[in-house]
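The file upload34.cif contains mmCIF, N, CA and C atoms:
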```
data_upload
#
loop_
_atom_site.label_atom_id
_atom_site.label_comp_id
_atom_site.auth_asym_id
_atom_site.auth_seq_id
_atom_site.Cartn_x
_atom_site.Cartn_y
_atom_site.Cartn_z
N CYS A 1 -2.05 -4.80 12.88
CA CYS A 1 -2.49 -5.72 11.86
C CYS A 1 -2.91 -7.05 12.50
N VAL A 2 -3.75 -7.76 11.81
CA VAL A 2 -4.18 -9.09 12.21
C VAL A 2 -4.04 -10.03 11.01
N THR A 3 -3.93 -11.32 11.29
CA THR A 3 -3.91 -12.31 10.23
C THR A 3 -5.07 -13.26 10.42
N LEU A 4 -5.58 -13.78 9.31
CA LEU A 4 -6.64 -14.77 9.37
C LEU A 4 -6.51 -15.67 8.15
N ALA A 5 -7.09 -16.84 8.24
CA ALA A 5 -7.08 -17.79 7.13
C ALA A 5 -8.50 -17.98 6.63
N LEU A 6 -8.69 -17.87 5.33
CA LEU A 6 -9.99 -18.08 4.70
C LEU A 6 -9.87 -19.16 3.65
N GLY A 7 -10.79 -20.11 3.68
CA GLY A 7 -10.81 -21.16 2.67
C GLY A 7 -11.02 -20.57 1.29
N LYS A 8 -10.33 -21.12 0.30
CA LYS A 8 -10.41 -20.58 -1.06
C LYS A 8 -11.81 -20.64 -1.64
N GLY A 9 -12.67 -21.50 -1.15
CA GLY A 9 -14.04 -21.59 -1.66
C GLY A 9 -15.03 -20.68 -0.97
N ARG A 10 -14.63 -19.96 0.07
CA ARG A 10 -15.55 -19.10 0.82
C ARG A 10 -15.93 -17.87 0.01
N HIS A 11 -17.23 -17.57 -0.05
CA HIS A 11 -17.68 -16.44 -0.87
C HIS A 11 -17.17 -15.10 -0.36
N ILE A 12 -16.91 -14.98 0.93
CA ILE A 12 -16.44 -13.71 1.49
C ILE A 12 -15.03 -13.37 1.01
N LEU A 13 -14.28 -14.38 0.58
CA LEU A 13 -12.89 -14.15 0.17
C LEU A 13 -12.80 -13.12 -0.95
N ASN A 14 -13.68 -13.18 -1.94
CA ASN A 14 -13.64 -12.22 -3.05
C ASN A 14 -13.81 -10.78 -2.56
N ASN A 15 -14.74 -10.56 -1.64
CA ASN A 15 -14.94 -9.21 -1.11
C ASN A 15 -13.74 -8.75 -0.29
N VAL A 16 -13.16 -9.65 0.48
CA VAL A 16 -11.99 -9.30 1.28
C VAL A 16 -10.85 -8.86 0.36
N LEU A 17 -10.61 -9.62 -0.70
CA LEU A 17 -9.50 -9.32 -1.61
C LEU A 17 -9.72 -8.05 -2.42
N LYS A 18 -10.96 -7.59 -2.52
CA LYS A 18 -11.25 -6.32 -3.21
C LYS A 18 -10.90 -5.12 -2.33
N GLY A 19 -10.64 -5.36 -1.06
CA GLY A 19 -10.25 -4.27 -0.17
C GLY A 19 -11.38 -3.62 0.59
N TYR A 20 -12.56 -4.27 0.60
CA TYR A 20 -13.67 -3.72 1.39
C TYR A 20 -13.38 -3.89 2.88
N ASP A 21 -13.85 -2.95 3.69
CA ASP A 21 -13.78 -3.12 5.14
C ASP A 21 -14.66 -4.30 5.53
N PHE A 22 -14.24 -5.03 6.55
CA PHE A 22 -15.05 -6.12 7.09
C PHE A 22 -14.77 -6.22 8.58
N ALA A 23 -15.59 -7.00 9.27
CA ALA A 23 -15.46 -7.13 10.72
C ALA A 23 -14.99 -8.52 11.10
N LEU A 24 -14.15 -8.57 12.10
CA LEU A 24 -13.82 -9.82 12.79
C LEU A 24 -14.56 -9.76 14.11
N SER A 25 -15.62 -10.53 14.22
CA SER A 25 -16.44 -10.54 15.43
C SER A 25 -15.80 -11.42 16.49
N ILE A 26 -15.78 -10.95 17.72
CA ILE A 26 -15.21 -11.68 18.84
C ILE A 26 -16.36 -12.36 19.58
N LEU A 27 -16.35 -13.69 19.53
CA LEU A 27 -17.44 -14.47 20.12
C LEU A 27 -17.04 -14.96 21.51
N PRO A 28 -18.03 -15.17 22.38
CA PRO A 28 -17.73 -15.75 23.69
C PRO A 28 -17.27 -17.19 23.52
N GLU A 29 -16.67 -17.73 24.56
CA GLU A 29 -16.15 -19.09 24.51
C GLU A 29 -17.22 -20.10 24.10
N ASP A 30 -18.45 -19.88 24.54
CA ASP A 30 -19.56 -20.78 24.21
C ASP A 30 -20.39 -20.23 23.04
N GLY A 31 -19.75 -19.53 22.11
CA GLY A 31 -20.46 -18.84 21.04
C GLY A 31 -20.76 -19.67 19.81
N GLY A 32 -20.76 -20.99 19.93
CA GLY A 32 -21.06 -21.84 18.79
C GLY A 32 -22.40 -21.55 18.15
N LYS A 33 -23.41 -21.22 18.96
CA LYS A 33 -24.74 -20.90 18.42
C LYS A 33 -24.69 -19.65 17.55
N LEU A 34 -23.87 -18.68 17.96
CA LEU A 34 -23.75 -17.45 17.19
C LEU A 34 -23.08 -17.70 15.84
N ALA A 35 -22.15 -18.64 15.80
CA ALA A 35 -21.39 -18.93 14.57
C ALA A 35 -22.11 -19.88 13.63
N LYS A 36 -23.04 -20.65 14.14
CA LYS A 36 -23.68 -21.72 13.36
C LYS A 36 -24.24 -21.26 12.00
N PRO A 37 -24.91 -20.10 11.88
CA PRO A 37 -25.45 -19.71 10.57
C PRO A 37 -24.37 -19.56 9.49
N PHE A 38 -23.14 -19.31 9.89
CA PHE A 38 -22.07 -19.07 8.92
C PHE A 38 -21.46 -20.36 8.39
N PHE A 39 -21.78 -21.47 9.02
CA PHE A 39 -21.32 -22.77 8.54
C PHE A 39 -22.35 -23.42 7.63
N SER A 40 -23.56 -22.88 7.62
CA SER A 40 -24.64 -23.50 6.84
C SER A 40 -24.55 -23.17 5.35
N GLY A 41 -23.94 -22.03 5.02
CA GLY A 41 -23.91 -21.59 3.62
C GLY A 41 -25.21 -20.95 3.18
N ASP A 42 -26.16 -20.80 4.08
CA ASP A 42 -27.47 -20.20 3.79
C ASP A 42 -27.36 -18.68 3.94
N ASP A 43 -27.40 -17.96 2.81
CA ASP A 43 -27.25 -16.50 2.83
C ASP A 43 -28.29 -15.81 3.71
N ALA A 44 -29.54 -16.27 3.65
CA ALA A 44 -30.59 -15.65 4.46
C ALA A 44 -30.31 -15.82 5.96
N ALA A 45 -29.85 -17.00 6.35
CA ALA A 45 -29.52 -17.24 7.76
C ALA A 45 -28.36 -16.37 8.19
N MET A 46 -27.36 -16.22 7.31
CA MET A 46 -26.21 -15.38 7.65
C MET A 46 -26.62 -13.92 7.79
N ARG A 47 -27.44 -13.43 6.85
CA ARG A 47 -27.89 -12.03 6.92
C ARG A 47 -28.69 -11.75 8.19
N SER A 48 -29.49 -12.72 8.62
CA SER A 48 -30.30 -12.50 9.82
C SER A 48 -29.48 -12.59 11.10
N ALA A 49 -28.25 -13.08 11.02
CA ALA A 49 -27.41 -13.26 12.20
C ALA A 49 -26.44 -12.10 12.42
N VAL A 50 -26.55 -11.04 11.59
CA VAL A 50 -25.65 -9.90 11.73
C VAL A 50 -26.42 -8.60 11.85
N GLN A 51 -25.72 -7.60 12.34
CA GLN A 51 -26.25 -6.24 12.37
C GLN A 51 -25.14 -5.36 11.78
N ILE A 52 -25.51 -4.27 11.14
CA ILE A 52 -24.52 -3.37 10.57
C ILE A 52 -24.09 -2.40 11.68
N THR A 53 -22.80 -2.39 11.96
CA THR A 53 -22.22 -1.52 12.97
C THR A 53 -20.99 -0.86 12.36
N ASP A 54 -20.92 0.45 12.39
CA ASP A 54 -19.79 1.18 11.83
C ASP A 54 -19.56 0.81 10.36
N GLY A 55 -20.66 0.52 9.65
CA GLY A 55 -20.60 0.26 8.22
C GLY A 55 -20.23 -1.15 7.81
N VAL A 56 -20.08 -2.07 8.78
CA VAL A 56 -19.72 -3.45 8.46
C VAL A 56 -20.66 -4.41 9.17
N PRO A 57 -20.90 -5.60 8.58
CA PRO A 57 -21.75 -6.58 9.27
C PRO A 57 -21.00 -7.23 10.43
N VAL A 58 -21.64 -7.22 11.59
CA VAL A 58 -21.06 -7.75 12.83
C VAL A 58 -22.02 -8.82 13.36
N VAL A 59 -21.50 -9.92 13.85
CA VAL A 59 -22.34 -10.99 14.39
C VAL A 59 -23.13 -10.46 15.58
N SER A 60 -24.45 -10.58 15.51
CA SER A 60 -25.31 -10.14 16.62
C SER A 60 -25.00 -10.95 17.87
N GLY A 61 -24.85 -10.27 18.99
CA GLY A 61 -24.56 -10.93 20.25
C GLY A 61 -23.09 -11.16 20.52
N CYS A 62 -22.21 -10.67 19.64
CA CYS A 62 -20.77 -10.88 19.87
C CYS A 62 -20.29 -9.98 21.01
N LEU A 63 -19.13 -10.31 21.54
CA LEU A 63 -18.55 -9.52 22.63
C LEU A 63 -17.99 -8.19 22.14
N GLY A 64 -17.56 -8.17 20.91
CA GLY A 64 -16.95 -6.98 20.31
C GLY A 64 -16.50 -7.34 18.90
N PHE A 65 -15.87 -6.38 18.24
CA PHE A 65 -15.40 -6.66 16.88
C PHE A 65 -14.23 -5.75 16.54
N LEU A 66 -13.49 -6.14 15.52
CA LEU A 66 -12.46 -5.30 14.93
C LEU A 66 -12.89 -5.01 13.50
N LYS A 67 -12.89 -3.76 13.14
CA LYS A 67 -13.14 -3.37 11.75
C LYS A 67 -11.78 -3.37 11.07
N VAL A 68 -11.66 -4.16 10.00
CA VAL A 68 -10.37 -4.32 9.35
C VAL A 68 -10.48 -4.15 7.84
N ARG A 69 -9.32 -3.96 7.19
CA ARG A 69 -9.26 -3.88 5.73
C ARG A 69 -8.05 -4.67 5.25
N TYR A 70 -8.28 -5.45 4.22
CA TYR A 70 -7.24 -6.27 3.59
C TYR A 70 -6.04 -5.41 3.18
N THR A 71 -4.84 -5.94 3.42
CA THR A 71 -3.64 -5.27 2.92
C THR A 71 -2.84 -6.17 1.99
N ARG A 72 -2.74 -7.46 2.30
CA ARG A 72 -2.07 -8.41 1.40
C ARG A 72 -2.43 -9.83 1.80
N HIS A 73 -2.05 -10.78 0.94
CA HIS A 73 -2.35 -12.19 1.23
C HIS A 73 -1.33 -13.09 0.56
N MET A 74 -1.35 -14.34 0.99
CA MET A 74 -0.54 -15.38 0.36
C MET A 74 -1.31 -16.69 0.42
N SER A 75 -1.09 -17.52 -0.58
CA SER A 75 -1.75 -18.83 -0.62
C SER A 75 -1.03 -19.83 0.26
N SER A 76 -1.82 -20.69 0.88
CA SER A 76 -1.27 -21.78 1.70
C SER A 76 -2.23 -22.96 1.59
N GLY A 77 -1.94 -23.88 0.70
CA GLY A 77 -2.81 -25.04 0.50
C GLY A 77 -4.18 -24.62 0.01
N ASP A 78 -5.23 -25.02 0.74
CA ASP A 78 -6.59 -24.69 0.32
C ASP A 78 -7.12 -23.42 0.99
N HIS A 79 -6.22 -22.62 1.57
CA HIS A 79 -6.60 -21.37 2.23
C HIS A 79 -5.77 -20.20 1.71
N GLU A 80 -6.29 -19.01 1.93
CA GLU A 80 -5.54 -17.78 1.72
C GLU A 80 -5.27 -17.20 3.11
N ILE A 81 -4.03 -16.83 3.35
CA ILE A 81 -3.66 -16.18 4.60
C ILE A 81 -3.75 -14.68 4.35
N ILE A 82 -4.60 -14.01 5.10
CA ILE A 82 -4.91 -12.61 4.90
C ILE A 82 -4.24 -11.77 5.98
N LEU A 83 -3.58 -10.71 5.59
CA LEU A 83 -3.07 -9.70 6.51
C LEU A 83 -4.01 -8.51 6.38
N ALA A 84 -4.54 -8.04 7.49
CA ALA A 84 -5.52 -6.95 7.47
C ALA A 84 -5.15 -5.88 8.50
N GLU A 85 -5.39 -4.66 8.11
CA GLU A 85 -5.12 -3.51 8.98
C GLU A 85 -6.35 -3.23 9.84
N VAL A 86 -6.16 -3.06 11.13
CA VAL A 86 -7.26 -2.71 12.04
C VAL A 86 -7.58 -1.22 11.85
N ARG A 87 -8.86 -0.94 11.57
CA ARG A 87 -9.29 0.43 11.29
C ARG A 87 -10.30 0.96 12.31
N GLY A 88 -10.74 0.10 13.22
CA GLY A 88 -11.72 0.53 14.22
C GLY A 88 -12.27 -0.66 14.96
N GLY A 89 -13.31 -0.41 15.75
CA GLY A 89 -13.97 -1.50 16.46
C GLY A 89 -13.84 -1.36 17.94
#
```

Output the file's structure as structure tokens, nothing else.
Amino acid sequence: CVTLALGKGRHILNNVLKGYDFALSILPEDGGKLAKPFFSGDDAAMRSAVQITDGVPVVSGCLGFLKVRYTRHMSSGDHEIILAEVRGG
């Protein structure tokens, strides 16, 4: 299992809580350029920065990824702490 924190206002949170598989992309140390589209909030930019691998969107150019599925969560301030089961990657 892995844990991650997602801001309560992030649109991906709803899909995660529904139990859909998703990817945790592993970026290189200098991977700020790869992550930048996801901070913009621009859906088109985010879609163009991923490729579908093993049925989940993965950041193009990442070092690797974990395919995971939500198992449970708890609230902590303005974030949700997510526990997810590793299913592949």

Worksheet entry | Result set, the PyMOL selection byres ((chain A and resi 73-88) around 5) on current file, as a PyMOL selection string | chain A and resi 1-8+66-72+89

Let's have the selection written as a PDB file, keeping the file's coordinate frame, with N, CA and C atoms.
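Saved the output as out15.pdb:
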```
ATOM      1  N   CYS A   1      -2.050  -4.800  12.880  1.00  0.00           N
ATOM      2  CA  CYS A   1      -2.490  -5.720  11.860  1.00  0.00           C
ATOM      3  C   CYS A   1      -2.910  -7.050  12.500  1.00  0.00           C
ATOM      4  N   VAL A   2      -3.750  -7.760  11.810  1.00  0.00           N
ATOM      5  CA  VAL A   2      -4.180  -9.090  12.210  1.00  0.00           C
ATOM      6  C   VAL A   2      -4.040 -10.030  11.010  1.00  0.00           C
ATOM      7  N   THR A   3      -3.930 -11.320  11.290  1.00  0.00           N
ATOM      8  CA  THR A   3      -3.910 -12.310  10.230  1.00  0.00           C
ATOM      9  C   THR A   3      -5.070 -13.260  10.420  1.00  0.00           C
ATOM     10  N   LEU A   4      -5.580 -13.780   9.310  1.00  0.00           N
ATOM     11  CA  LEU A   4      -6.640 -14.770   9.370  1.00  0.00           C
ATOM     12  C   LEU A   4      -6.510 -15.670   8.150  1.00  0.00           C
ATOM     13  N   ALA A   5      -7.090 -16.840   8.240  1.00  0.00           N
ATOM     14  CA  ALA A   5      -7.080 -17.790   7.130  1.00  0.00           C
ATOM     15  C   ALA A   5      -8.500 -17.980   6.630  1.00  0.00           C
ATOM     16  N   LEU A   6      -8.690 -17.870   5.330  1.00  0.00           N
ATOM     17  CA  LEU A   6      -9.990 -18.080   4.700  1.00  0.00           C
ATOM     18  C   LEU A   6      -9.870 -19.160   3.650  1.00  0.00           C
ATOM     19  N   GLY A   7     -10.790 -20.110   3.680  1.00  0.00           N
ATOM     20  CA  GLY A   7     -10.810 -21.160   2.670  1.00  0.00           C
ATOM     21  C   GLY A   7     -11.020 -20.570   1.290  1.00  0.00           C
ATOM     22  N   LYS A   8     -10.330 -21.120   0.300  1.00  0.00           N
ATOM     23  CA  LYS A   8     -10.410 -20.580  -1.060  1.00  0.00           C
ATOM     24  C   LYS A   8     -11.810 -20.640  -1.640  1.00  0.00           C
ATOM     25  N   LEU A  66     -13.490  -6.140  15.520  1.00  0.00           N
ATOM     26  CA  LEU A  66     -12.460  -5.300  14.930  1.00  0.00           C
ATOM     27  C   LEU A  66     -12.890  -5.010  13.500  1.00  0.00           C
ATOM     28  N   LYS A  67     -12.890  -3.760  13.140  1.00  0.00           N
ATOM     29  CA  LYS A  67     -13.140  -3.370  11.750  1.00  0.00           C
ATOM     30  C   LYS A  67     -11.780  -3.370  11.070  1.00  0.00           C
ATOM     31  N   VAL A  68     -11.660  -4.160  10.000  1.00  0.00           N
ATOM     32  CA  VAL A  68     -10.370  -4.320   9.350  1.00  0.00           C
ATOM     33  C   VAL A  68     -10.480  -4.150   7.840  1.00  0.00           C
ATOM     34  N   ARG A  69      -9.320  -3.960   7.190  1.00  0.00           N
ATOM     35  CA  ARG A  69      -9.260  -3.880   5.730  1.00  0.00           C
ATOM     36  C   ARG A  69      -8.050  -4.670   5.250  1.00  0.00           C
ATOM     37  N   TYR A  70      -8.280  -5.450   4.220  1.00  0.00           N
ATOM     38  CA  TYR A  70      -7.240  -6.270   3.590  1.00  0.00           C
ATOM     39  C   TYR A  70      -6.040  -5.410   3.180  1.00  0.00           C
ATOM     40  N   THR A  71      -4.840  -5.940   3.420  1.00  0.00           N
ATOM     41  CA  THR A  71      -3.640  -5.270   2.920  1.00  0.00           C
ATOM     42  C   THR A  71      -2.840  -6.170   1.990  1.00  0.00           C
ATOM     43  N   ARG A  72      -2.740  -7.460   2.300  1.00  0.00           N
ATOM     44  CA  ARG A  72      -2.070  -8.410   1.400  1.00  0.00           C
ATOM     45  C   ARG A  72      -2.430  -9.830   1.800  1.00  0.00           C
ATOM     46  N   GLY A  89     -13.310  -0.410  15.750  1.00  0.00           N
ATOM     47  CA  GLY A  89     -13.970  -1.500  16.460  1.00  0.00           C
ATOM     48  C   GLY A  89     -13.840  -1.360  17.940  1.00  0.00           C
TER      49      GLY A  89
END
```

Practice prompt. Could you check how far atom C of A:Phe65 sits from atom N of A:Leu27, in Å to one decimal?
Written response: 8.7 Å

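Take atom CA of A:Ser60 and atom N of A:Ala23: the distance between them is 12.6 Å.
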
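Going from atom CA of A:Gly64 over to atom CA of A:Gly32, you cover 15.5 Å.
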
Item to complete: Mind the document's chain letters and residue numbers, and return as a ChimeraX atom specification the residues of chain A that DSSP labels helix (DSSP H, G or I).
Response: /A:12-17,32-40,43-48

Using the file's own x, y and z axes, what box holds all listed atoms of stretch 21-36 of chain A with 8 Å on each side, keeping edges along x, y and z, and what are its centre and edge lengths in Å to one decimal, as lines of an AutoDock Vina configuration file?
```
center_x = -19.3
center_y = -12.4
center_z = 14.1
size_x = 27.0
size_y = 34.9
size_z = 36.9
```

DSSP says strand (DSSP E or B) for which residues of stretch 5-88 of chain A? Put them as a compact mmCIF listing (two decimals) with N, CA and C atoms, in the frame of the given file?
```txt
# COMPACT_ATOMS: atom_id res chain seq x y z
N ALA A 5 -7.09 -16.84 8.24
CA ALA A 5 -7.08 -17.79 7.13
C ALA A 5 -8.50 -17.98 6.63
N LEU A 6 -8.69 -17.87 5.33
CA LEU A 6 -9.99 -18.08 4.70
C LEU A 6 -9.87 -19.16 3.65
N GLY A 7 -10.79 -20.11 3.68
CA GLY A 7 -10.81 -21.16 2.67
C GLY A 7 -11.02 -20.57 1.29
N ASP A 21 -13.85 -2.95 3.69
CA ASP A 21 -13.78 -3.12 5.14
C ASP A 21 -14.66 -4.30 5.53
N PHE A 22 -14.24 -5.03 6.55
CA PHE A 22 -15.05 -6.12 7.09
C PHE A 22 -14.77 -6.22 8.58
N ALA A 23 -15.59 -7.00 9.27
CA ALA A 23 -15.46 -7.13 10.72
C ALA A 23 -14.99 -8.52 11.10
N LEU A 24 -14.15 -8.57 12.10
CA LEU A 24 -13.82 -9.82 12.79
C LEU A 24 -14.56 -9.76 14.11
N SER A 25 -15.62 -10.53 14.22
CA SER A 25 -16.44 -10.54 15.43
C SER A 25 -15.80 -11.42 16.49
N ILE A 26 -15.78 -10.95 17.72
CA ILE A 26 -15.21 -11.68 18.84
C ILE A 26 -16.36 -12.36 19.58
N VAL A 50 -26.55 -11.04 11.59
CA VAL A 50 -25.65 -9.90 11.73
C VAL A 50 -26.42 -8.60 11.85
N GLN A 51 -25.72 -7.60 12.34
CA GLN A 51 -26.25 -6.24 12.37
C GLN A 51 -25.14 -5.36 11.78
N ILE A 52 -25.51 -4.27 11.14
CA ILE A 52 -24.52 -3.37 10.57
C ILE A 52 -24.09 -2.40 11.68
N THR A 53 -22.80 -2.39 11.96
CA THR A 53 -22.22 -1.52 12.97
C THR A 53 -20.99 -0.86 12.36
N VAL A 56 -20.08 -2.07 8.78
CA VAL A 56 -19.72 -3.45 8.46
C VAL A 56 -20.66 -4.41 9.17
N PRO A 57 -20.90 -5.60 8.58
CA PRO A 57 -21.75 -6.58 9.27
C PRO A 57 -21.00 -7.23 10.43
N VAL A 58 -21.64 -7.22 11.59
CA VAL A 58 -21.06 -7.75 12.83
C VAL A 58 -22.02 -8.82 13.36
N VAL A 59 -21.50 -9.92 13.85
CA VAL A 59 -22.34 -10.99 14.39
C VAL A 59 -23.13 -10.46 15.58
N GLY A 64 -17.56 -8.17 20.91
CA GLY A 64 -16.95 -6.98 20.31
C GLY A 64 -16.50 -7.34 18.90
N PHE A 65 -15.87 -6.38 18.24
CA PHE A 65 -15.40 -6.66 16.88
C PHE A 65 -14.23 -5.75 16.54
N LEU A 66 -13.49 -6.14 15.52
CA LEU A 66 -12.46 -5.30 14.93
C LEU A 66 -12.89 -5.01 13.50
N LYS A 67 -12.89 -3.76 13.14
CA LYS A 67 -13.14 -3.37 11.75
C LYS A 67 -11.78 -3.37 11.07
N VAL A 68 -11.66 -4.16 10.00
CA VAL A 68 -10.37 -4.32 9.35
C VAL A 68 -10.48 -4.15 7.84
N ARG A 69 -9.32 -3.96 7.19
CA ARG A 69 -9.26 -3.88 5.73
C ARG A 69 -8.05 -4.67 5.25
N TYR A 70 -8.28 -5.45 4.22
CA TYR A 70 -7.24 -6.27 3.59
C TYR A 70 -6.04 -5.41 3.18
N THR A 71 -4.84 -5.94 3.42
CA THR A 71 -3.64 -5.27 2.92
C THR A 71 -2.84 -6.17 1.99
N ARG A 72 -2.74 -7.46 2.30
CA ARG A 72 -2.07 -8.41 1.40
C ARG A 72 -2.43 -9.83 1.80
N HIS A 73 -2.05 -10.78 0.94
CA HIS A 73 -2.35 -12.19 1.23
C HIS A 73 -1.33 -13.09 0.56
N MET A 74 -1.35 -14.34 0.99
CA MET A 74 -0.54 -15.38 0.36
C MET A 74 -1.31 -16.69 0.42
N SER A 75 -1.09 -17.52 -0.58
CA SER A 75 -1.75 -18.83 -0.62
C SER A 75 -1.03 -19.83 0.26
N SER A 76 -1.82 -20.69 0.88
CA SER A 76 -1.27 -21.78 1.70
C SER A 76 -2.23 -22.96 1.59
N HIS A 79 -6.22 -22.62 1.57
CA HIS A 79 -6.60 -21.37 2.23
C HIS A 79 -5.77 -20.20 1.71
N GLU A 80 -6.29 -19.01 1.93
CA GLU A 80 -5.54 -17.78 1.72
C GLU A 80 -5.27 -17.20 3.11
N ILE A 81 -4.03 -16.83 3.35
CA ILE A 81 -3.66 -16.18 4.60
C ILE A 81 -3.75 -14.68 4.35
N ILE A 82 -4.60 -14.01 5.10
CA ILE A 82 -4.91 -12.61 4.90
C ILE A 82 -4.24 -11.77 5.98
N LEU A 83 -3.58 -10.71 5.59
CA LEU A 83 -3.07 -9.70 6.51
C LEU A 83 -4.01 -8.51 6.38
N ALA A 84 -4.54 -8.04 7.49
CA ALA A 84 -5.52 -6.95 7.47
C ALA A 84 -5.15 -5.88 8.50
N GLU A 85 -5.39 -4.66 8.11
CA GLU A 85 -5.12 -3.51 8.98
C GLU A 85 -6.35 -3.23 9.84
N VAL A 86 -6.16 -3.06 11.13
CA VAL A 86 -7.26 -2.71 12.04
C VAL A 86 -7.58 -1.22 11.85
N ARG A 87 -8.86 -0.94 11.57
CA ARG A 87 -9.29 0.43 11.29
C ARG A 87 -10.30 0.96 12.31
N GLY A 88 -10.74 0.10 13.22
CA GLY A 88 -11.72 0.53 14.22
C GLY A 88 -12.27 -0.66 14.96
```

Discussion item. Can you spell out as number ranges by chain the set of residues that the PyMOL selection byres ((chain A and resi 53-57) around 6.5) selects in the structure I just provided?
Written reply: A: 21-23, 50-52, 58-59

May I ask you to restore all heavy atoms in stretch 56-62 of chain A and write the result as a PDB file, in the coordinates of the input?
```pdb
ATOM      1  N   VAL A  56     -20.080  -2.070   8.780  1.00  0.00           N
ATOM      2  CA  VAL A  56     -19.720  -3.450   8.460  1.00  0.00           C
ATOM      3  C   VAL A  56     -20.660  -4.410   9.170  1.00  0.00           C
ATOM      4  O   VAL A  56     -21.176  -4.117  10.240  1.00  0.00           O
ATOM      5  CB  VAL A  56     -18.252  -3.763   8.842  1.00  0.00           C
ATOM      6  CG1 VAL A  56     -17.277  -2.982   7.984  1.00  0.00           C
ATOM      7  CG2 VAL A  56     -17.991  -3.488  10.313  1.00  0.00           C
ATOM      8  N   PRO A  57     -20.900  -5.600   8.580  1.00  0.00           N
ATOM      9  CA  PRO A  57     -21.750  -6.580   9.270  1.00  0.00           C
ATOM     10  C   PRO A  57     -21.000  -7.230  10.430  1.00  0.00           C
ATOM     11  O   PRO A  57     -19.871  -7.685  10.269  1.00  0.00           O
ATOM     12  CB  PRO A  57     -22.066  -7.605   8.173  1.00  0.00           C
ATOM     13  CG  PRO A  57     -21.109  -7.358   7.072  1.00  0.00           C
ATOM     14  CD  PRO A  57     -20.531  -6.001   7.247  1.00  0.00           C
ATOM     15  N   VAL A  58     -21.640  -7.220  11.590  1.00  0.00           N
ATOM     16  CA  VAL A  58     -21.060  -7.750  12.830  1.00  0.00           C
ATOM     17  C   VAL A  58     -22.020  -8.820  13.360  1.00  0.00           C
ATOM     18  O   VAL A  58     -23.241  -8.626  13.323  1.00  0.00           O
ATOM     19  CB  VAL A  58     -20.882  -6.619  13.871  1.00  0.00           C
ATOM     20  CG1 VAL A  58     -20.416  -7.157  15.199  1.00  0.00           C
ATOM     21  CG2 VAL A  58     -19.915  -5.555  13.339  1.00  0.00           C
ATOM     22  N   VAL A  59     -21.500  -9.920  13.850  1.00  0.00           N
ATOM     23  CA  VAL A  59     -22.340 -10.990  14.390  1.00  0.00           C
ATOM     24  C   VAL A  59     -23.130 -10.460  15.580  1.00  0.00           C
ATOM     25  O   VAL A  59     -22.557  -9.931  16.545  1.00  0.00           O
ATOM     26  CB  VAL A  59     -21.492 -12.213  14.809  1.00  0.00           C
ATOM     27  CG1 VAL A  59     -22.351 -13.273  15.484  1.00  0.00           C
ATOM     28  CG2 VAL A  59     -20.769 -12.797  13.598  1.00  0.00           C
ATOM     29  N   SER A  60     -24.450 -10.580  15.510  1.00  0.00           N
ATOM     30  CA  SER A  60     -25.310 -10.140  16.620  1.00  0.00           C
ATOM     31  C   SER A  60     -25.000 -10.950  17.870  1.00  0.00           C
ATOM     32  O   SER A  60     -24.863 -12.165  17.807  1.00  0.00           O
ATOM     33  CB  SER A  60     -26.787 -10.338  16.248  1.00  0.00           C
ATOM     34  OG  SER A  60     -27.123  -9.552  15.137  1.00  0.00           O
ATOM     35  N   GLY A  61     -24.850 -10.270  18.990  1.00  0.00           N
ATOM     36  CA  GLY A  61     -24.560 -10.930  20.250  1.00  0.00           C
ATOM     37  C   GLY A  61     -23.090 -11.160  20.520  1.00  0.00           C
ATOM     38  O   GLY A  61     -22.724 -11.753  21.540  1.00  0.00           O
ATOM     39  N   CYS A  62     -22.210 -10.670  19.640  1.00  0.00           N
ATOM     40  CA  CYS A  62     -20.770 -10.880  19.870  1.00  0.00           C
ATOM     41  C   CYS A  62     -20.290  -9.980  21.010  1.00  0.00           C
ATOM     42  O   CYS A  62     -20.963  -9.023  21.395  1.00  0.00           O
ATOM     43  CB  CYS A  62     -19.980 -10.620  18.591  1.00  0.00           C
ATOM     44  SG  CYS A  62     -19.903  -8.901  18.058  1.00  0.00           S
TER      45      CYS A  62
END
```
